[in-house]
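Encoded as structure tokens, the structure appears first; notes follow it.
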Amino acid sequence: MSDTHVEAHASSTPVLPDNVLPVLPMRNLVLFPGVVLPLGVGRAQSIAAAQEAIRQECPIAVLLQKDPDNSAPGPEDLYPVGTVASVLRYVTTGDGGHHLIAQGEGRFRVREFLPGYPFLAARIERLEEVTVTSSELDARVLHLRQQAGEALSLLPQVPQELAQAIAHVEQPGALADLIANFLDLKAEERQQILENLDVRSRLEQVSQFLSYRIEVMKLSRKIGEQTKEVMDRRQREFLLREQLKAIQQELGEGEEGDNGELEALSHAIDEAELPTEVEAVARKELRRLQRMPEGAGEYGMVRSYVDAILALPWSKETPERIDIGEARSILDEDHYDLDKIKRRILEHLAVHRLNPDGKSPILCFVGPPGVGKTSLGQSIARAMGRKFVRVSLGGVHDEAEIRGHRRTYIGALPGHVLQALGKVEVRNPVMLLDEIDKLGAGGFQGDPAAALLEVLDPEQNRTFRDTYLAMPFDLSHVFFIATANVLDTIPGPLRDRMEIITLSGYTEEDKMHIASRYLLPRQREAAGLTAEQLVLEEETLPALIRGYTREAGCRSLERELGAICRWVAVRIAEGSSGGMRIRPDDLATILGPQHFENEVASRVALPGVATGLAWTPVGGDILFIEASKSPGNGRLILTGQLGDVMKESAQAAMSLVKARAADWQIAQEGIDKSDIHIHIPAGAIPKDGPSAGVTLAVALISLLTGRKVRPDVAMTGEISLRGLVLPVGGIKEKVLAALRAGIHTVLLPVRNRRDYEDIPENARQQLTFIWIERVEEAVAQALEAS
């Protein structure tokens, strides 16, 4: 019965009585009836029990212990129901191990444990199954066989012996025990099946366990197939990527591995001092990059996004050094005059020094081109010790240029504001929003002016949200300065957020100071000349300004000075001269004939011609109004590309002259039988506005009375049908235009006296101002005596 020698214990172990069997406790194993299993024994009492069963040639009682970690289980540590097994074979291996091959015979219940044995011994009661033959039982048996067949089909390799055993087992209880033995169940679940004596109930119990295992096996197979598919695809991508790297290396295009770049990105995130929310987003995107193949289409988009986050100065600032005296010196050094603007800038610097956490105003410099708006922003940055960055808004017509593009678009970028901050690398620069009046109108691409509302509102820009970034960024530390040529094209809500500071044009004296202090030294340096190599005589600059420039700013003047410097540089480079003094007579040789001349006297030499003053986006200008009459039937003809407002002013002036003809000794018949033609030269230039009414009336009265208009007089103002002269805007620009044109007397509406203080002091000294309230006063001052 055994392959090994078993020591006899006859002298020490009494003979076991009937229905008393040695007990073999098992840690995690349940033996079912009809099943043959190898059992390993290692504990001393288990070895003694097995050897006693072989010696007395009796079965052994196999019981499951409740706690598998218990090394010396007692009667109370064992389940009461177990399996009676016959020992088919007992083997002792060379390493001292003991093994049994046992076959389950039937179920039993422990009646009592008997003391006095070197092993556990128990009196048992064999248990009989409860089987009630019925169609339901047969159906359950058939269903269980089918489930077992399905479970076997899900196995990688089907054990044929098991399949045949399941197919040939006749007894329902034996079928349930056989299948339960091969199910992957916990020891407690196996014990429940073993203790179930009702065959129908046991079949249902095993069927439920088997059904669960089938579902698990199906899911396992599905997951395995999916995993294999993914692994195959990744292996293919890996192979192709390795081949691509090899090809690039052969072509000399190989780059360093991306792991180094990602590690550098991680290190950059550590050092960037990002806010908590921003760092969490950056880390999340970095993890996406690490999981993503480098050749994936989205890789570049995610990488660009992380780079954009790291490029922004979330916490970097330029330390400020605000010294009011030094700031005043810097502003005076960089710009001539502009006292009112400099005072406002110094006020802001003083307030900011006393209250660093206060809200910065949004300044908007409005004025004609070339008066120093952009350079003022640079001077402010230098005075505050901050960095300077310029954002050009001219022609921007897409809201995304301000607020950024959505990340879903290829080539998406943050808006111009955040790009500028990334370029300057600090969050508190002086940012110049140049040409804010030339933003494109809102259309299907959104309104960029509306997007600027959040940028330029101190209450909102603390949490400015760029569409590309999708996170709030604090713009409250930025000192915004906007520039514009005109205010009319700036939307009202945007204009309301800014403090408007007007820069007017320069007088001839101002231009002389600016040219000698700033423009000429700059152009000399650009041409590589020294102060000794190029000298302008005292009268040369006034001649240059009068004859070759007529503008509010100084850009044309600087270009002409640049042309003079280059002309001198050519002579010095040729060796024909070591240095030159430029006299007024030399300007015609260098720059050609004069571009402008004093045409006022020639233009008003005939009756019907008057000189008006006009405002344009590039500064003030003079306007000649010519009137003539010819035989006709009283028609009024208007030419010169006039706007609706100016046409209405001409109609009002004509009506006023007709109504008051007797006061100016004008024959009514001469008006009714003549066609009056009013023309404003430079017909290719559109002209409009309400400030030419008094000039039109004076020109008509001059024509119809035959009295000439004084050549040194210019005027501006609107008129009413009652003959009142109404106030107009742009007085400072118009007065400076009159001064540039050689006018000596200016007629202004009396209600514009409030603008007198804005006129530069040297212009007030050179011009005579006459304040008029009615048209009669303008006629008396402008027309020559008959």
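Here's how to read the names in the structure tokens: chain A, B, ... by the order shown, residue numbers from 1 in each chain, ligand numbers from 1 in the order shown.
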
For region 162-166 of chain A: contacts at 12 Å, only C-alpha atoms, fewer than 5 positions along chain excluded, given as a list in words: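 Using only C-alpha atoms, the neighbours found are Gly34, Val35, Val141, Leu142, Leu144, Arg145, Gln146, Gln147, Ala148, Gly149, Glu150, Ala151, Leu152, Ser153, Leu155, Gln157, Gln171, Pro172, Gly173, Ala174, Leu175, Ala176, Asp177, Leu178, Ile179, Ala180, Asn181 and Phe182 of chain A.
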
Quick one: residues within 12 Å of Ala741 (chain A), only C-alpha atoms counted, chain neighbours fewer than 5 positions away excluded, as a PDB file with N, CA and C atoms, in the first residue's frame?
ATOM      1  N   THR A 507       6.297 124.443 -32.984  1.00  0.00           N
ATOM      2  CA  THR A 507       6.546 125.693 -33.699  1.00  0.00           C
ATOM      3  C   THR A 507       7.927 125.620 -34.353  1.00  0.00           C
ATOM      4  N   GLU A 508       8.218 126.647 -35.178  1.00  0.00           N
ATOM      5  CA  GLU A 508       9.524 126.682 -35.839  1.00  0.00           C
ATOM      6  C   GLU A 508      10.650 126.759 -34.817  1.00  0.00           C
ATOM      7  N   ILE A 545      13.735 124.429 -42.285  1.00  0.00           N
ATOM      8  CA  ILE A 545      12.408 124.192 -41.737  1.00  0.00           C
ATOM      9  C   ILE A 545      11.337 124.886 -42.573  1.00  0.00           C
ATOM     10  N   ARG A 546      11.607 126.112 -43.007  1.00  0.00           N
ATOM     11  CA  ARG A 546      10.593 126.856 -43.756  1.00  0.00           C
ATOM     12  C   ARG A 546      10.441 126.357 -45.182  1.00  0.00           C
ATOM     13  N   GLY A 547      11.546 126.025 -45.814  1.00  0.00           N
ATOM     14  CA  GLY A 547      11.474 125.711 -47.236  1.00  0.00           C
ATOM     15  C   GLY A 547      11.293 124.246 -47.571  1.00  0.00           C
ATOM     16  N   THR A 549      10.129 121.660 -45.038  1.00  0.00           N
ATOM     17  CA  THR A 549       9.222 120.890 -44.186  1.00  0.00           C
ATOM     18  C   THR A 549       8.027 121.751 -43.847  1.00  0.00           C
ATOM     19  N   ARG A 550       6.881 121.140 -43.801  1.00  0.00           N
ATOM     20  CA  ARG A 550       5.685 121.797 -43.301  1.00  0.00           C
ATOM     21  C   ARG A 550       4.824 120.707 -42.672  1.00  0.00           C
ATOM     22  N   GLU A 551       5.102 120.443 -41.398  1.00  0.00           N
ATOM     23  CA  GLU A 551       4.443 119.342 -40.694  1.00  0.00           C
ATOM     24  C   GLU A 551       4.344 119.694 -39.226  1.00  0.00           C
ATOM     25  N   ALA A 552       3.493 118.943 -38.524  1.00  0.00           N
ATOM     26  CA  ALA A 552       3.350 119.176 -37.094  1.00  0.00           C
ATOM     27  C   ALA A 552       4.515 118.573 -36.320  1.00  0.00           C
ATOM     28  N   PHE A 596       8.341 124.057 -50.281  1.00  0.00           N
ATOM     29  CA  PHE A 596       7.215 124.901 -49.886  1.00  0.00           C
ATOM     30  C   PHE A 596       7.643 126.357 -50.011  1.00  0.00           C
ATOM     31  N   GLU A 597       6.668 127.184 -50.312  1.00  0.00           N
ATOM     32  CA  GLU A 597       6.920 128.617 -50.355  1.00  0.00           C
ATOM     33  C   GLU A 597       5.717 129.337 -49.779  1.00  0.00           C
ATOM     34  N   ASN A 598       5.889 130.595 -49.464  1.00  0.00           N
ATOM     35  CA  ASN A 598       4.804 131.387 -48.876  1.00  0.00           C
ATOM     36  C   ASN A 598       3.855 131.805 -49.988  1.00  0.00           C
ATOM     37  N   GLU A 599       2.784 131.025 -50.122  1.00  0.00           N
ATOM     38  CA  GLU A 599       1.847 131.280 -51.217  1.00  0.00           C
ATOM     39  C   GLU A 599       0.633 132.070 -50.761  1.00  0.00           C
ATOM     40  N   VAL A 600       0.618 132.504 -49.488  1.00  0.00           N
ATOM     41  CA  VAL A 600      -0.566 133.207 -48.997  1.00  0.00           C
ATOM     42  C   VAL A 600      -0.779 134.502 -49.776  1.00  0.00           C
ATOM     43  N   ALA A 601       0.275 135.257 -49.962  1.00  0.00           N
ATOM     44  CA  ALA A 601       0.122 136.554 -50.631  1.00  0.00           C
ATOM     45  C   ALA A 601      -0.401 136.401 -52.047  1.00  0.00           C
ATOM     46  N   THR A 611      -8.225 132.838 -46.548  1.00  0.00           N
ATOM     47  CA  THR A 611      -7.389 131.794 -45.941  1.00  0.00           C
ATOM     48  C   THR A 611      -8.051 131.289 -44.663  1.00  0.00           C
ATOM     49  N   GLY A 612      -8.339 129.981 -44.639  1.00  0.00           N
ATOM     50  CA  GLY A 612      -8.931 129.366 -43.451  1.00  0.00           C
ATOM     51  C   GLY A 612      -7.920 128.467 -42.751  1.00  0.00           C
ATOM     52  N   LEU A 613      -8.280 128.030 -41.567  1.00  0.00           N
ATOM     53  CA  LEU A 613      -7.441 127.122 -40.780  1.00  0.00           C
ATOM     54  C   LEU A 613      -8.201 125.819 -40.583  1.00  0.00           C
ATOM     55  N   GLY A 620      -2.368 120.710 -37.780  1.00  0.00           N
ATOM     56  CA  GLY A 620      -3.136 121.765 -38.418  1.00  0.00           C
ATOM     57  C   GLY A 620      -2.626 122.078 -39.815  1.00  0.00           C
ATOM     58  N   ASP A 621      -3.476 122.782 -40.597  1.00  0.00           N
ATOM     59  CA  ASP A 621      -3.083 123.161 -41.954  1.00  0.00           C
ATOM     60  C   ASP A 621      -3.887 124.392 -42.354  1.00  0.00           C
ATOM     61  N   ILE A 622      -3.361 125.130 -43.365  1.00  0.00           N
ATOM     62  CA  ILE A 622      -4.117 126.270 -43.884  1.00  0.00           C
ATOM     63  C   ILE A 622      -4.948 125.804 -45.076  1.00  0.00           C
ATOM     64  N   LEU A 623      -6.059 126.510 -45.290  1.00  0.00           N
ATOM     65  CA  LEU A 623      -7.022 126.098 -46.311  1.00  0.00           C
ATOM     66  C   LEU A 623      -7.428 127.330 -47.109  1.00  0.00           C
ATOM     67  N   PHE A 624      -7.220 127.287 -48.414  1.00  0.00           N
ATOM     68  CA  PHE A 624      -7.606 128.414 -49.269  1.00  0.00           C
ATOM     69  C   PHE A 624      -8.993 128.160 -49.837  1.00  0.00           C
ATOM     70  N   PRO A 711      -3.683 139.527 -46.888  1.00  0.00           N
ATOM     71  CA  PRO A 711      -2.900 138.292 -47.090  1.00  0.00           C
ATOM     72  C   PRO A 711      -2.313 137.712 -45.810  1.00  0.00           C
ATOM     73  N   ASP A 712      -2.229 138.490 -44.738  1.00  0.00           N
ATOM     74  CA  ASP A 712      -1.604 137.982 -43.510  1.00  0.00           C
ATOM     75  C   ASP A 712      -2.636 137.554 -42.470  1.00  0.00           C
ATOM     76  N   VAL A 713      -3.898 137.397 -42.907  1.00  0.00           N
ATOM     77  CA  VAL A 713      -4.978 137.037 -41.984  1.00  0.00           C
ATOM     78  C   VAL A 713      -5.505 135.651 -42.333  1.00  0.00           C
ATOM     79  N   ALA A 714      -5.689 134.813 -41.301  1.00  0.00           N
ATOM     80  CA  ALA A 714      -6.351 133.513 -41.452  1.00  0.00           C
ATOM     81  C   ALA A 714      -7.407 133.403 -40.375  1.00  0.00           C
ATOM     82  N   LYS A 734      -4.334 124.546 -35.252  1.00  0.00           N
ATOM     83  CA  LYS A 734      -4.600 125.506 -36.318  1.00  0.00           C
ATOM     84  C   LYS A 734      -3.704 126.743 -36.188  1.00  0.00           C
ATOM     85  N   VAL A 735      -3.518 127.193 -34.957  1.00  0.00           N
ATOM     86  CA  VAL A 735      -2.660 128.369 -34.747  1.00  0.00           C
ATOM     87  C   VAL A 735      -1.225 128.058 -35.152  1.00  0.00           C
ATOM     88  N   LEU A 736      -0.729 126.875 -34.809  1.00  0.00           N
ATOM     89  CA  LEU A 736       0.628 126.505 -35.197  1.00  0.00           C
ATOM     90  C   LEU A 736       0.753 126.397 -36.714  1.00  0.00           C
ATOM     91  N   VAL A 746      -4.675 136.088 -36.629  1.00  0.00           N
ATOM     92  CA  VAL A 746      -5.596 134.954 -36.623  1.00  0.00           C
ATOM     93  C   VAL A 746      -6.917 135.401 -36.020  1.00  0.00           C
ATOM     94  N   LEU A 767       2.061 135.990 -32.998  1.00  0.00           N
ATOM     95  CA  LEU A 767       0.787 136.154 -33.695  1.00  0.00           C
ATOM     96  C   LEU A 767      -0.087 137.170 -32.986  1.00  0.00           C
TER      97      LEU A 767
END

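Going from CA of Ala785 (chain A) to CA of Lys708 (chain A) covers 8.3 Å.
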
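Note that CA of Tyr506 (chain A) and CA of His348 (chain A) are 24.9 Å apart.
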
Among region 187-389 of chain A, which ones does DSSP place in strand (DSSP E), written as a PyMOL selection string? chain A and resi 363-366+388-389

Filtering to N, CA and C atoms, could you give me those residues as a PDB file, in the first residue's frame?
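Listing of out30.pdb after writing:
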ATOM      1  N   LEU A 363      -2.367 105.694 -19.699  1.00  0.00           N
ATOM      2  CA  LEU A 363      -2.161 106.954 -20.407  1.00  0.00           C
ATOM      3  C   LEU A 363      -2.304 106.736 -21.903  1.00  0.00           C
ATOM      4  N   CYS A 364      -2.908 107.705 -22.568  1.00  0.00           N
ATOM      5  CA  CYS A 364      -3.033 107.650 -24.030  1.00  0.00           C
ATOM      6  C   CYS A 364      -2.525 108.969 -24.600  1.00  0.00           C
ATOM      7  N   PHE A 365      -1.405 108.910 -25.337  1.00  0.00           N
ATOM      8  CA  PHE A 365      -0.839 110.094 -25.970  1.00  0.00           C
ATOM      9  C   PHE A 365      -1.472 110.261 -27.350  1.00  0.00           C
ATOM     10  N   VAL A 366      -2.126 111.379 -27.561  1.00  0.00           N
ATOM     11  CA  VAL A 366      -2.812 111.650 -28.823  1.00  0.00           C
ATOM     12  C   VAL A 366      -2.157 112.858 -29.474  1.00  0.00           C
ATOM     13  N   PHE A 388      11.177  98.216 -21.403  1.00  0.00           N
ATOM     14  CA  PHE A 388      10.213  98.801 -22.341  1.00  0.00           C
ATOM     15  C   PHE A 388       9.909  97.796 -23.438  1.00  0.00           C
ATOM     16  N   VAL A 389       8.636  97.674 -23.794  1.00  0.00           N
ATOM     17  CA  VAL A 389       8.239  96.799 -24.890  1.00  0.00           C
ATOM     18  C   VAL A 389       7.118  97.488 -25.663  1.00  0.00           C
TER      19      VAL A 389
END

Using only C-alpha atoms, which protein or nucleic acid residues come within 8 Å of Ile759 (chain A)? Drop anything in the same chain fewer than 5 positions from it, and give the result as a PyMOL selection string. chain A and resi 731-732+735+764
